[in-house]
>>> print(open('structure04.txt').read())   # compact mmCIF, C-alpha atoms and all ligand atoms
# COMPACT_ATOMS: atom_id res chain seq x y z
CA MET A 1 -30.96 -10.63 -26.57
CA GLU A 2 -30.75 -8.93 -29.94
CA ILE A 3 -27.33 -8.04 -31.30
CA SER A 4 -27.06 -5.68 -34.28
CA GLU A 5 -23.90 -5.41 -36.35
CA ASN A 6 -21.97 -2.51 -37.84
CA ILE A 7 -24.02 0.22 -36.14
CA SER A 8 -23.33 3.98 -36.47
CA LEU A 9 -22.61 5.66 -33.11
CA GLN A 10 -23.34 9.14 -34.49
CA ALA A 11 -26.76 9.58 -32.88
CA LEU A 12 -25.71 7.78 -29.72
CA HIS A 13 -23.20 10.30 -28.34
CA SER A 14 -23.32 14.06 -27.96
CA PHE A 15 -20.19 14.83 -30.04
CA GLY A 16 -21.98 13.15 -32.97
CA CYS A 17 -18.83 11.73 -34.59
CA ASN A 18 -19.61 9.25 -37.33
CA GLU A 19 -17.79 6.20 -35.94
CA LYS A 20 -19.19 2.67 -35.98
CA ALA A 21 -19.46 -0.18 -33.49
CA SER A 22 -19.04 -3.79 -34.61
CA TYR A 23 -21.87 -4.98 -32.33
CA PHE A 24 -24.68 -3.25 -30.47
CA THR A 25 -27.37 -4.31 -27.99
CA LYS A 26 -29.89 -2.66 -25.68
CA ILE A 27 -29.94 -3.54 -21.99
CA ASP A 28 -33.40 -3.29 -20.41
CA SER A 29 -33.05 -5.80 -17.56
CA VAL A 30 -30.41 -7.12 -15.18
CA GLU A 31 -30.59 -10.50 -16.96
CA ALA A 32 -29.66 -8.76 -20.22
CA ILE A 33 -26.44 -7.50 -18.61
CA GLU A 34 -25.33 -11.02 -17.70
CA LYS A 35 -26.28 -12.48 -21.09
CA SER A 36 -24.53 -9.74 -23.07
CA ILE A 37 -21.31 -9.93 -21.09
CA GLN A 38 -21.36 -13.71 -21.41
CA TRP A 39 -21.77 -13.27 -25.19
CA ALA A 40 -18.84 -10.79 -25.34
CA LYS A 41 -16.63 -13.07 -23.25
CA GLU A 42 -17.40 -16.12 -25.42
CA LYS A 43 -16.64 -14.10 -28.54
CA ASN A 44 -13.54 -12.64 -26.86
CA THR A 45 -14.59 -9.16 -27.92
CA PRO A 46 -14.26 -5.94 -25.88
CA TYR A 47 -17.40 -4.18 -24.64
CA LEU A 48 -18.42 -0.79 -23.36
CA ILE A 49 -21.50 0.57 -21.61
CA LEU A 50 -23.18 3.56 -23.13
CA GLY A 51 -25.65 5.78 -21.29
CA SER A 52 -26.63 8.75 -23.40
CA GLY A 53 -23.08 9.34 -24.62
CA SER A 54 -22.68 12.85 -23.19
CA ASN A 55 -19.22 12.28 -21.69
CA ILE A 56 -17.58 10.13 -24.32
CA LEU A 57 -15.52 10.73 -27.47
CA PHE A 58 -15.08 8.09 -30.15
CA THR A 59 -11.84 8.65 -32.06
CA LYS A 60 -12.05 5.43 -34.08
CA PRO A 61 -14.49 2.57 -34.78
CA PHE A 62 -15.29 0.54 -31.66
CA GLU A 63 -14.39 -3.04 -32.49
CA GLY A 64 -16.53 -4.71 -29.88
CA LEU A 65 -19.99 -4.78 -28.29
CA VAL A 66 -21.73 -1.55 -27.21
CA LEU A 67 -24.31 -2.13 -24.46
CA LYS A 68 -26.82 0.72 -24.39
CA MET A 69 -28.21 1.04 -20.85
CA GLU A 70 -32.02 1.21 -20.80
CA ILE A 71 -33.00 -0.22 -17.40
CA MET A 72 -35.83 2.04 -16.25
CA GLY A 73 -37.87 2.71 -13.12
CA ILE A 74 -38.08 5.04 -10.12
CA LYS A 75 -39.18 3.20 -6.97
CA LYS A 76 -39.80 4.67 -3.52
CA LEU A 77 -38.27 2.26 -0.99
CA LYS A 78 -38.94 4.12 2.25
CA GLU A 79 -40.10 7.49 3.54
CA THR A 80 -39.51 8.97 7.00
CA ALA A 81 -40.44 12.35 8.48
CA SER A 82 -37.28 13.87 7.02
CA GLU A 83 -36.02 11.62 4.21
CA VAL A 84 -37.09 9.72 1.11
CA PHE A 85 -35.21 6.65 -0.17
CA LEU A 86 -35.45 5.96 -3.90
CA GLU A 87 -34.11 3.24 -6.17
CA VAL A 88 -33.63 4.36 -9.77
CA GLY A 89 -32.87 2.30 -12.88
CA ALA A 90 -29.53 3.08 -14.54
CA GLY A 91 -31.19 3.96 -17.85
CA GLU A 92 -33.44 6.72 -16.48
CA ASN A 93 -32.66 10.21 -17.76
CA TRP A 94 -30.81 12.17 -15.06
CA HIS A 95 -32.58 15.49 -15.57
CA TYR A 96 -35.99 13.77 -15.66
CA PHE A 97 -35.15 12.19 -12.28
CA VAL A 98 -34.04 15.58 -10.85
CA ILE A 99 -37.30 17.21 -11.95
CA TYR A 100 -39.32 14.27 -10.56
CA CYS A 101 -37.74 15.00 -7.13
CA VAL A 102 -38.00 18.79 -7.47
CA GLN A 103 -41.74 18.56 -8.22
CA LYS A 104 -42.24 16.60 -5.00
CA GLY A 105 -40.18 19.15 -3.05
CA TRP A 106 -37.45 16.59 -2.22
CA GLY A 107 -34.09 18.29 -2.04
CA GLY A 108 -30.47 17.30 -2.59
CA ILE A 109 -29.95 17.15 -6.35
CA GLU A 110 -31.61 20.40 -7.54
CA ASN A 111 -28.17 22.00 -8.19
CA LEU A 112 -27.54 19.13 -10.62
CA SER A 113 -30.45 20.10 -12.88
CA LEU A 114 -30.03 19.92 -16.66
CA ILE A 115 -26.90 17.74 -16.61
CA PRO A 116 -27.30 15.45 -19.64
CA GLY A 117 -26.96 11.71 -19.21
CA THR A 118 -28.37 8.70 -17.43
CA VAL A 119 -28.76 7.95 -13.73
CA GLY A 120 -26.37 4.98 -14.07
CA ALA A 121 -23.59 7.25 -15.31
CA ALA A 122 -23.98 9.75 -12.45
CA PRO A 123 -21.78 7.73 -10.02
CA ILE A 124 -19.14 7.08 -12.71
CA GLN A 125 -17.57 10.53 -12.53
CA ASN A 126 -19.57 11.57 -9.44
CA ILE A 127 -21.27 14.29 -11.47
CA GLY A 128 -21.04 17.70 -9.89
CA ALA A 129 -22.14 21.29 -10.39
CA TYR A 130 -22.65 24.43 -8.31
CA GLY A 131 -21.15 22.99 -5.13
CA VAL A 132 -23.09 19.69 -5.10
CA GLU A 133 -21.94 16.23 -6.17
CA ALA A 134 -24.01 13.10 -6.86
CA LYS A 135 -22.22 11.36 -3.96
CA ASP A 136 -23.95 13.72 -1.50
CA CYS A 137 -27.23 11.85 -2.11
CA ILE A 138 -26.13 8.36 -3.14
CA GLU A 139 -26.60 5.61 -0.58
CA LEU A 140 -26.02 2.41 -2.58
CA VAL A 141 -24.99 1.44 -6.09
CA THR A 142 -25.92 -1.96 -7.55
CA ALA A 143 -23.57 -3.17 -10.26
CA TYR A 144 -22.59 -6.29 -12.17
CA ASP A 145 -18.94 -7.12 -11.53
CA THR A 146 -17.69 -8.50 -14.83
CA GLN A 147 -14.61 -10.00 -13.13
CA THR A 148 -16.55 -12.19 -10.69
CA SER A 149 -19.74 -12.42 -12.84
CA GLN A 150 -21.87 -11.38 -9.84
CA PHE A 151 -24.13 -8.51 -8.91
CA ILE A 152 -22.83 -6.54 -5.94
CA THR A 153 -24.13 -3.67 -3.85
CA LEU A 154 -21.64 -0.97 -2.92
CA ASN A 155 -22.23 1.60 -0.21
CA ASN A 156 -21.17 5.23 -0.56
CA ALA A 157 -17.68 4.63 0.91
CA ASP A 158 -17.10 1.54 -1.30
CA CYS A 159 -17.64 3.72 -4.39
CA LYS A 160 -14.45 5.76 -3.61
CA PHE A 161 -16.05 8.97 -4.83
CA GLY A 162 -13.71 11.88 -5.48
CA TYR A 163 -13.68 15.09 -7.53
CA ARG A 164 -15.20 13.92 -10.88
CA THR A 165 -14.08 10.36 -10.19
CA SER A 166 -15.02 7.08 -8.47
CA LEU A 167 -14.10 3.42 -8.28
CA PHE A 168 -16.12 2.94 -11.50
CA LYS A 169 -14.07 5.49 -13.43
CA MET A 170 -10.79 4.11 -12.05
CA GLU A 171 -11.67 0.52 -13.02
CA LYS A 172 -13.18 1.40 -16.40
CA THR A 173 -15.55 -1.33 -17.78
CA ARG A 174 -15.25 -3.65 -14.75
CA TYR A 175 -18.59 -2.66 -13.20
CA ILE A 176 -21.92 -2.25 -14.98
CA ILE A 177 -24.25 -0.15 -12.87
CA SER A 178 -27.86 -1.39 -12.98
CA SER A 179 -29.45 0.87 -10.35
CA VAL A 180 -28.65 3.61 -7.85
CA GLN A 181 -30.26 4.30 -4.45
CA PHE A 182 -30.62 7.93 -3.39
CA ILE A 183 -31.60 9.65 -0.13
CA LEU A 184 -33.47 12.93 -0.66
CA GLN A 185 -34.27 15.46 2.04
CA LYS A 186 -37.70 16.84 2.91
CA GLN A 187 -36.17 19.85 4.72
CA PRO A 188 -33.04 20.33 2.62
CA ILE A 189 -30.12 22.63 3.30
CA PHE A 190 -29.88 24.81 0.21
CA ARG A 191 -26.52 25.23 -1.54
CA THR A 192 -26.58 28.72 -3.03
CA GLU A 193 -22.99 29.85 -2.44
CA TYR A 194 -22.01 29.71 -6.13
CA GLY A 195 -21.94 33.27 -7.48
CA ALA A 196 -24.18 32.62 -10.48
CA ILE A 197 -26.94 30.99 -8.37
CA LYS A 198 -26.85 33.81 -5.82
CA GLU A 199 -27.13 36.35 -8.61
CA VAL A 200 -30.16 34.76 -10.30
CA LEU A 201 -31.98 34.23 -6.99
CA HIS A 202 -31.26 37.86 -6.13
CA GLN A 203 -32.54 39.09 -9.53
CA LYS A 204 -35.74 37.15 -8.98
CA ASN A 205 -35.99 38.57 -5.46
CA ASN A 206 -36.05 35.04 -4.07
CA LYS A 207 -35.29 35.65 -0.39
CA GLN A 208 -36.50 32.19 0.71
CA PRO A 209 -34.96 29.73 -1.77
CA SER A 210 -36.83 26.53 -2.50
CA VAL A 211 -35.84 23.33 -4.28
CA GLU A 212 -37.78 24.54 -7.29
CA ALA A 213 -36.30 28.08 -7.30
CA ILE A 214 -32.77 26.66 -7.24
CA ALA A 215 -33.51 24.16 -10.01
CA ASN A 216 -34.99 26.98 -12.14
CA ALA A 217 -31.96 29.21 -11.47
CA VAL A 218 -29.56 26.44 -12.48
CA ILE A 219 -31.59 25.68 -15.63
CA GLN A 220 -31.52 29.38 -16.58
CA ILE A 221 -27.75 29.75 -16.00
CA ARG A 222 -26.92 26.58 -17.89
CA THR A 223 -29.20 27.38 -20.80
CA GLU A 224 -27.55 30.78 -21.22
CA LYS A 225 -23.95 29.61 -20.84
CA LEU A 226 -23.63 26.09 -22.22
CA PRO A 227 -24.07 24.79 -25.76
CA ASP A 228 -27.10 22.53 -26.27
CA PRO A 229 -25.76 19.16 -27.47
CA LYS A 230 -28.89 18.76 -29.62
CA LYS A 231 -27.75 21.80 -31.63
CA ILE A 232 -23.95 21.67 -31.40
CA GLY A 233 -21.76 18.67 -30.60
CA ASN A 234 -20.04 18.78 -27.19
CA ALA A 235 -19.54 16.78 -24.00
CA GLY A 236 -19.61 19.63 -21.47
CA SER A 237 -16.28 20.38 -19.79
CA PHE A 238 -13.61 18.58 -21.74
CA PHE A 239 -10.99 18.92 -18.97
CA LYS A 240 -11.02 18.63 -15.20
CA ASN A 241 -10.10 21.58 -13.03
CA PRO A 242 -6.51 20.86 -11.92
CA THR A 243 -5.38 21.04 -8.31
CA ILE A 244 -2.00 22.46 -7.29
CA THR A 245 -0.09 23.08 -4.07
CA LYS A 246 -0.45 26.33 -2.14
CA ASP A 247 3.22 27.15 -2.84
CA PHE A 248 2.70 26.85 -6.59
CA TYR A 249 -0.58 28.78 -6.33
CA GLU A 250 1.29 31.67 -4.66
CA VAL A 251 3.85 31.74 -7.48
CA LEU A 252 1.05 31.82 -10.08
CA ILE A 253 -1.15 34.41 -8.39
CA ALA A 254 1.83 36.77 -8.04
CA LYS A 255 2.39 36.51 -11.79
CA TYR A 256 -1.30 36.32 -12.84
CA PRO A 257 -3.39 38.34 -10.33
CA LYS A 258 -6.62 37.54 -12.24
CA LEU A 259 -6.15 33.76 -11.93
CA ILE A 260 -9.38 32.06 -10.74
CA ALA A 261 -8.69 29.56 -7.98
CA TYR A 262 -10.44 28.13 -4.92
CA PRO A 263 -8.82 26.60 -1.81
CA ILE A 264 -9.73 22.93 -1.34
CA THR A 265 -7.67 22.37 1.82
CA ASP A 266 -5.04 24.48 3.60
CA ASP A 267 -2.42 23.22 1.12
CA ILE A 268 -4.32 22.53 -2.10
CA TYR A 269 -5.95 24.91 -4.58
CA LYS A 270 -8.36 24.12 -7.42
CA ILE A 271 -7.63 26.21 -10.52
CA ALA A 272 -10.39 27.05 -13.02
CA ALA A 273 -9.14 25.20 -16.12
CA GLY A 274 -11.35 27.45 -18.26
CA TRP A 275 -9.36 30.48 -17.10
CA LEU A 276 -6.03 28.82 -18.02
CA ILE A 277 -7.34 27.89 -21.49
CA GLU A 278 -8.72 31.37 -22.07
CA ALA A 279 -5.44 32.94 -20.94
CA CYS A 280 -3.68 30.88 -23.61
CA GLY A 281 -5.91 32.54 -26.21
CA TRP A 282 -8.17 29.58 -27.08
CA LYS A 283 -11.61 31.00 -26.25
CA GLY A 284 -13.71 31.14 -29.46
CA ILE A 285 -10.93 29.66 -31.64
CA GLN A 286 -12.06 27.25 -34.37
CA LYS A 287 -9.88 24.86 -36.37
CA GLY A 288 -11.69 22.86 -39.04
CA ASN A 289 -14.76 21.24 -37.49
CA VAL A 290 -13.65 21.81 -33.90
CA GLY A 291 -13.63 24.83 -31.61
CA CYS A 292 -13.23 26.18 -28.13
CA TYR A 293 -16.69 27.42 -27.12
CA GLU A 294 -16.98 31.21 -27.10
CA LYS A 295 -18.93 31.39 -23.81
CA GLN A 296 -16.98 28.77 -21.81
CA SER A 297 -13.50 27.76 -22.91
CA LEU A 298 -13.61 24.49 -20.94
CA VAL A 299 -16.06 23.18 -23.54
CA ILE A 300 -14.84 21.85 -26.88
CA VAL A 301 -17.47 22.04 -29.59
CA HIS A 302 -17.88 20.01 -32.78
CA TYR A 303 -19.46 22.05 -35.55
CA ASN A 304 -19.95 19.40 -38.22
CA ASN A 305 -19.70 15.67 -38.50
CA GLY A 306 -15.91 15.51 -38.68
CA PRO A 307 -13.93 12.60 -37.27
CA GLY A 308 -13.46 12.28 -33.51
CA ILE A 309 -9.70 12.25 -33.83
CA GLU A 310 -9.83 15.94 -34.87
CA ILE A 311 -11.44 16.74 -31.50
CA TYR A 312 -8.82 14.69 -29.68
CA ASN A 313 -5.96 16.43 -31.53
CA PHE A 314 -7.47 19.85 -30.77
CA SER A 315 -7.66 18.93 -27.06
CA GLU A 316 -4.01 17.86 -27.18
CA GLU A 317 -3.02 21.26 -28.60
CA ILE A 318 -4.84 22.94 -25.69
CA ILE A 319 -3.11 20.67 -23.16
CA GLN A 320 0.32 21.44 -24.62
CA SER A 321 -0.22 25.20 -24.67
CA VAL A 322 -1.46 25.28 -21.04
CA LEU A 323 1.50 23.12 -20.02
CA LYS A 324 3.93 25.46 -21.78
CA GLN A 325 2.49 28.66 -20.33
CA PHE A 326 1.56 27.55 -16.79
CA ASP A 327 3.45 24.28 -16.21
CA ILE A 328 0.10 22.61 -15.41
CA LEU A 329 -0.90 19.36 -17.11
CA LEU A 330 -4.64 19.33 -17.82
CA GLU A 331 -6.41 15.99 -17.53
CA ARG A 332 -9.29 15.10 -19.89
CA GLU A 333 -12.60 14.55 -18.13
CA VAL A 334 -14.26 13.07 -21.22
CA ILE A 335 -13.80 9.31 -21.70
CA ILE A 336 -11.81 8.62 -24.86
CA TYR A 337 -12.28 5.54 -27.05
P1 LIG A 401 -21.93 8.24 -21.19
O1 LIG A 401 -21.29 9.40 -21.83
O2 LIG A 401 -22.76 7.35 -22.03
O3 LIG A 401 -20.81 7.38 -20.47
C1 LIG A 401 -19.81 8.00 -19.69
C2 LIG A 401 -18.93 6.91 -19.04
O4 LIG A 401 -19.70 6.17 -18.11
C3 LIG A 401 -18.43 5.87 -20.06
O5 LIG A 401 -17.17 5.41 -19.64
C4 LIG A 401 -19.44 4.74 -19.95
O6 LIG A 401 -18.90 3.50 -20.31
C5 LIG A 401 -19.76 4.79 -18.46
N1 LIG A 401 -21.13 4.35 -18.14
C6 LIG A 401 -22.30 4.94 -18.50
N2 LIG A 401 -23.34 4.28 -17.95
C7 LIG A 401 -22.82 3.26 -17.24
C8 LIG A 401 -23.39 2.22 -16.42
N3 LIG A 401 -24.71 2.09 -16.25
N4 LIG A 401 -22.53 1.33 -15.82
C9 LIG A 401 -21.20 1.43 -16.01
N5 LIG A 401 -20.61 2.38 -16.76
C10 LIG A 401 -21.41 3.29 -17.35
N6 LIG A 401 -20.87 16.45 -15.94
C11 LIG A 401 -20.80 16.89 -14.67
O7 LIG A 401 -20.26 16.19 -13.79
N7 LIG A 401 -21.30 18.10 -14.31
C12 LIG A 401 -21.92 18.92 -15.19
O8 LIG A 401 -22.37 19.99 -14.82
C13 LIG A 401 -22.00 18.49 -16.55
N8 LIG A 401 -22.54 19.29 -17.49
C14 LIG A 401 -22.59 18.88 -18.78
C15 LIG A 401 -23.15 19.74 -19.74
C16 LIG A 401 -23.21 19.37 -21.07
C17 LIG A 401 -23.81 20.32 -22.08
C18 LIG A 401 -22.74 18.08 -21.46
C19 LIG A 401 -22.85 17.65 -22.89
C20 LIG A 401 -22.15 17.23 -20.53
C21 LIG A 401 -22.08 17.63 -19.18
N9 LIG A 401 -21.50 16.80 -18.20
C22 LIG A 401 -21.45 17.22 -16.89
C23 LIG A 401 -20.96 15.49 -18.56
C24 LIG A 401 -22.03 14.35 -18.62
O9 LIG A 401 -23.32 14.89 -18.75
C25 LIG A 401 -22.00 13.45 -17.38
O10 LIG A 401 -20.73 12.88 -17.22
C26 LIG A 401 -23.05 12.34 -17.45
O11 LIG A 401 -23.10 11.64 -16.22
C27 LIG A 401 -22.78 11.33 -18.56
O12 LIG A 401 -23.90 10.46 -18.64
P2 LIG A 401 -24.12 9.55 -19.91
O13 LIG A 401 -25.26 8.64 -19.61
O14 LIG A 401 -24.25 10.38 -21.12
O15 LIG A 401 -22.77 8.72 -19.92
P1 LIG A 402 -18.17 28.90 -13.32
O1 LIG A 402 -19.34 29.21 -12.47
O2 LIG A 402 -17.78 29.83 -14.42
O3 LIG A 402 -16.90 28.63 -12.40
C1 LIG A 402 -15.63 28.30 -12.99
C2 LIG A 402 -14.98 27.23 -12.14
O4 LIG A 402 -14.75 27.77 -10.85
C3 LIG A 402 -15.89 26.06 -12.00
O5 LIG A 402 -15.31 25.01 -12.70
C4 LIG A 402 -16.03 25.82 -10.51
O6 LIG A 402 -15.48 24.59 -10.10
C5 LIG A 402 -15.21 26.90 -9.85
N1 LIG A 402 -16.05 27.65 -8.88
C6 LIG A 402 -16.91 28.67 -9.15
N2 LIG A 402 -17.45 29.15 -8.00
C7 LIG A 402 -16.94 28.37 -7.01
C8 LIG A 402 -17.13 28.36 -5.60
N3 LIG A 402 -17.93 29.23 -4.99
N4 LIG A 402 -16.46 27.43 -4.89
C9 LIG A 402 -15.64 26.54 -5.49
N5 LIG A 402 -15.43 26.50 -6.81
C10 LIG A 402 -16.06 27.42 -7.57
O7 LIG A 402 -18.38 27.44 -13.98
P2 LIG A 402 -19.30 27.00 -15.19
O8 LIG A 402 -18.43 26.49 -16.27
O9 LIG A 402 -20.34 28.02 -15.50
O10 LIG A 402 -20.01 25.72 -14.57
C11 LIG A 402 -20.90 25.87 -13.50
C12 LIG A 402 -20.98 24.56 -12.75
O11 LIG A 402 -21.45 23.53 -13.62
C13 LIG A 402 -19.62 24.12 -12.21
O12 LIG A 402 -19.82 23.49 -10.97
C14 LIG A 402 -19.17 23.10 -13.23
O13 LIG A 402 -18.35 22.07 -12.69
C15 LIG A 402 -20.48 22.51 -13.74
N6 LIG A 402 -20.36 22.09 -15.15
C16 LIG A 402 -19.71 20.93 -15.40
C17 LIG A 402 -19.59 20.47 -16.69
C18 LIG A 402 -18.92 19.14 -16.97
O14 LIG A 402 -19.03 18.66 -18.08
N7 LIG A 402 -18.26 18.57 -16.02
C19 LIG A 402 -20.09 21.21 -17.75
C20 LIG A 402 -20.72 22.41 -17.44
C21 LIG A 402 -20.85 22.85 -16.14
P3 LIG A 402 -16.27 23.19 -10.13
O15 LIG A 402 -16.28 22.78 -11.57
O16 LIG A 402 -15.43 22.31 -9.29
O17 LIG A 402 -17.64 23.41 -9.58
>>> encode(input="structure04.txt", output="structure tokens")
Amino acid sequence: MEISENISLQALHSFGCNEKASYFTKIDSVEAIEKSIQWAKEKNTPYLILGSGSNILFTKPFEGLVLKMEIMGIKKLKETASEVFLEVGAGENWHYFVIYCVQKGWGGIENLSLIPGTVGAAPIQNIGAYGVEAKDCIELVTAYDTQTSQFITLNNADCKFGYRTSLFKMEKTRYIISSVQFILQKQPIFRTEYGAIKEVLHQKNNKQPSVEAIANAVIQIRTEKLPDPKKIGNAGSFFKNPTITKDFYEVLIAKYPKLIAYPITDDIYKIAAGWLIEACGWKGIQKGNVGCYEKQSLVIVHYNNGPGIEIYNFSEEIIQSVLKQFDILLEREVIIY
């Protein structure tokens, strides 16, 4: 186990803020997880797991040990006439894994193409896009429980997956995910109900969608609409879409007929947070090094290498203005340190 000291986190997260970590190590085996946590416990120093840093904002130096997840490997465990069971190392790149499955014609995660990050982080906030969530294909998650110092295997129900959340997000830093088991479908049911996907498939005259056609449509939509973190600092959607009661929804829609909302149950509506932020006048606004992205106001962008606290303060201004205008409290999706 090699521990480096006083390491810059700038290249290790997609906002690119120039904060430092006191200690840093790479994790390329399950043994390395145990050893590193043991080291942190003996030193009585905090720790955090870093995948590719695409959902994290550092607002100050991290005075502890950063464990960069690099456990690799995609292993086929079982194949039946209709399904394929795969075990994937937590450090594998998510999009690489999606394309690996797409090229074999295995369906289930094609709508989740081009999401940055590692496979091990996918269960953390139950990544989702275009009507599909990681939980739809996850069978088991193997993780190191830092409270009991043991590896455990959790089934789908144990993971308490919800909308952009899970047990792992609720009990931040307790579990270190080492691998994830997925079930992919050989005759998948395609999820094309999202307007943008329908539109692209229609433009391409794709009457019989395939795993590959959907992945390509998603890649096209995302490339056109979202900022590339390699070119401009961001962590995707900064806020979660809030949910409100039907009664409150009816009050809002009467006042704002253009409000974008989707029913979740008979009594609960999901409101497009991007619409609320845009309605408060934030779309395209820049203050110092930070801005609200001009093509999608749910994304906060970082133009230079300014401090992370500027991004946090900007997000707080957005929260307060949405609260004032709509009486809705936005919750940050990005993990703040
Ligand atoms: P990190 O940012 O490194 O970590 C995120 C959190 O997970 C941290 O709390 C970290 O401690 C924890 N963590 C990471 N790995 C482990 C592990 N192995 N064990 C335990 N804890 C761990 N998200 C979506 O859901 N849908 C989208 O469509 C989407 N689009 C995006 C588009 C862009 C342009 C960007 C920049 C981000 C987008 N995101 C999206 C957010 C992000 O890509 C996902 O949340 C992704 O899963 C983060 O992976 P990561 O490896 O970068 O995690
Ligand atoms: P969009 O298509 O402009 O839609 C705006 C919002 O409306 C989305 O947040 C989406 O909710 C919701 N929505 C749209 N069509 C829907 C439908 N048919 N049924 C239910 N809800 C619907 O969104 P976008 O910003 O371009 O993003 C496209 C997809 O990628 C979304 O699923 C989004 O979550 C995902 N994405 C996520 C991140 C992130 O960092 N978390 C970043 C970029 C994109 P949902 O968000 O619940 O799907």
>>> closest_atom_pairs(input="structure04.txt", of="chain A", to="ligand LIG 402 (chain A)", cutoff="6 Å", atoms="only C-alpha atoms and all ligand atoms", output="JSON lines")
{"residue": "A:Gly128", "atom": "CA", "partner": "A:LIG402", "partner_atom": "O13", "distance": 5.8}
{"residue": "A:Ala129", "atom": "CA", "partner": "A:LIG402", "partner_atom": "O12", "distance": 3.2}
{"residue": "A:Tyr130", "atom": "CA", "partner": "A:LIG402", "partner_atom": "O12", "distance": 4.0}
{"residue": "A:Gly131", "atom": "CA", "partner": "A:LIG402", "partner_atom": "O17", "distance": 5.7}
{"residue": "A:Glu193", "atom": "CA", "partner": "A:LIG402", "partner_atom": "N3", "distance": 5.7}
{"residue": "A:Tyr194", "atom": "CA", "partner": "A:LIG402", "partner_atom": "N3", "distance": 4.3}
{"residue": "A:Gly236", "atom": "CA", "partner": "A:LIG402", "partner_atom": "O14", "distance": 3.6}
{"residue": "A:Ser237", "atom": "CA", "partner": "A:LIG402", "partner_atom": "O14", "distance": 3.7}
{"residue": "A:Tyr262", "atom": "CA", "partner": "A:LIG402", "partner_atom": "C9", "distance": 5.5}
{"residue": "A:Ala272", "atom": "CA", "partner": "A:LIG402", "partner_atom": "C2", "distance": 4.7}
>>> residues_near_ligand(input="structure04.txt", ligand="ligand LIG 401 (chain A)", cutoff="7 Å", atoms="all atoms listed in the file", output="number ranges by chain")
A: 13-14, 48-56, 69, 90-91, 112, 115-122, 124-129, 164, 168-169, 172-173, 175-178, 226-229, 234-237, 335
>>> closest_atom_pairs(input="structure04.txt", of="stretch 167-225 of chain A", to="stretch 139-142 of chain A", cutoff="7 Å", atoms="all atoms listed in the file", output="JSON lines")
{"residue": "A:Ile177", "atom": "CA", "partner": "A:Thr142", "partner_atom": "CA", "distance": 5.9}
{"residue": "A:Ser178", "atom": "CA", "partner": "A:Thr142", "partner_atom": "CA", "distance": 5.8}
{"residue": "A:Ser179", "atom": "CA", "partner": "A:Thr142", "partner_atom": "CA", "distance": 5.3}
{"residue": "A:Val180", "atom": "CA", "partner": "A:Val141", "partner_atom": "CA", "distance": 4.6}
{"residue": "A:Gln181", "atom": "CA", "partner": "A:Leu140", "partner_atom": "CA", "distance": 5.0}
{"residue": "A:Phe182", "atom": "CA", "partner": "A:Glu139", "partner_atom": "CA", "distance": 5.4}
{"residue": "A:Ile183", "atom": "CA", "partner": "A:Glu139", "partner_atom": "CA", "distance": 6.4}
>>> closest_residue(input="structure04.txt", among="A:Met1, A:Ala11, A:Ala273, A:Val102", to="A:Ile319", atoms="only C-alpha atoms")
A:Ala273
>>> closest_residue(input="structure04.txt", among="A:Ile277, A:Val322, A:Leu114, A:Val66", to="A:Ile300", atoms="only C-alpha atoms")
A:Ile277
>>> atom_distance(input="structure04.txt", atom1="atom CA of A:Asp136", atom2="atom CA of A:Ile260")
25.2 Å
>>> closest_residue(input="structure04.txt", among="A:Lys198, A:Lys35, A:Lys324, A:Lys20", to="A:Ile7", atoms="all atoms listed in the file")
A:Lys20
>>> atom_distance(input="structure04.txt", atom1="atom CA of A:Ser321", atom2="atom CA of A:Ala279")
10.1 Å
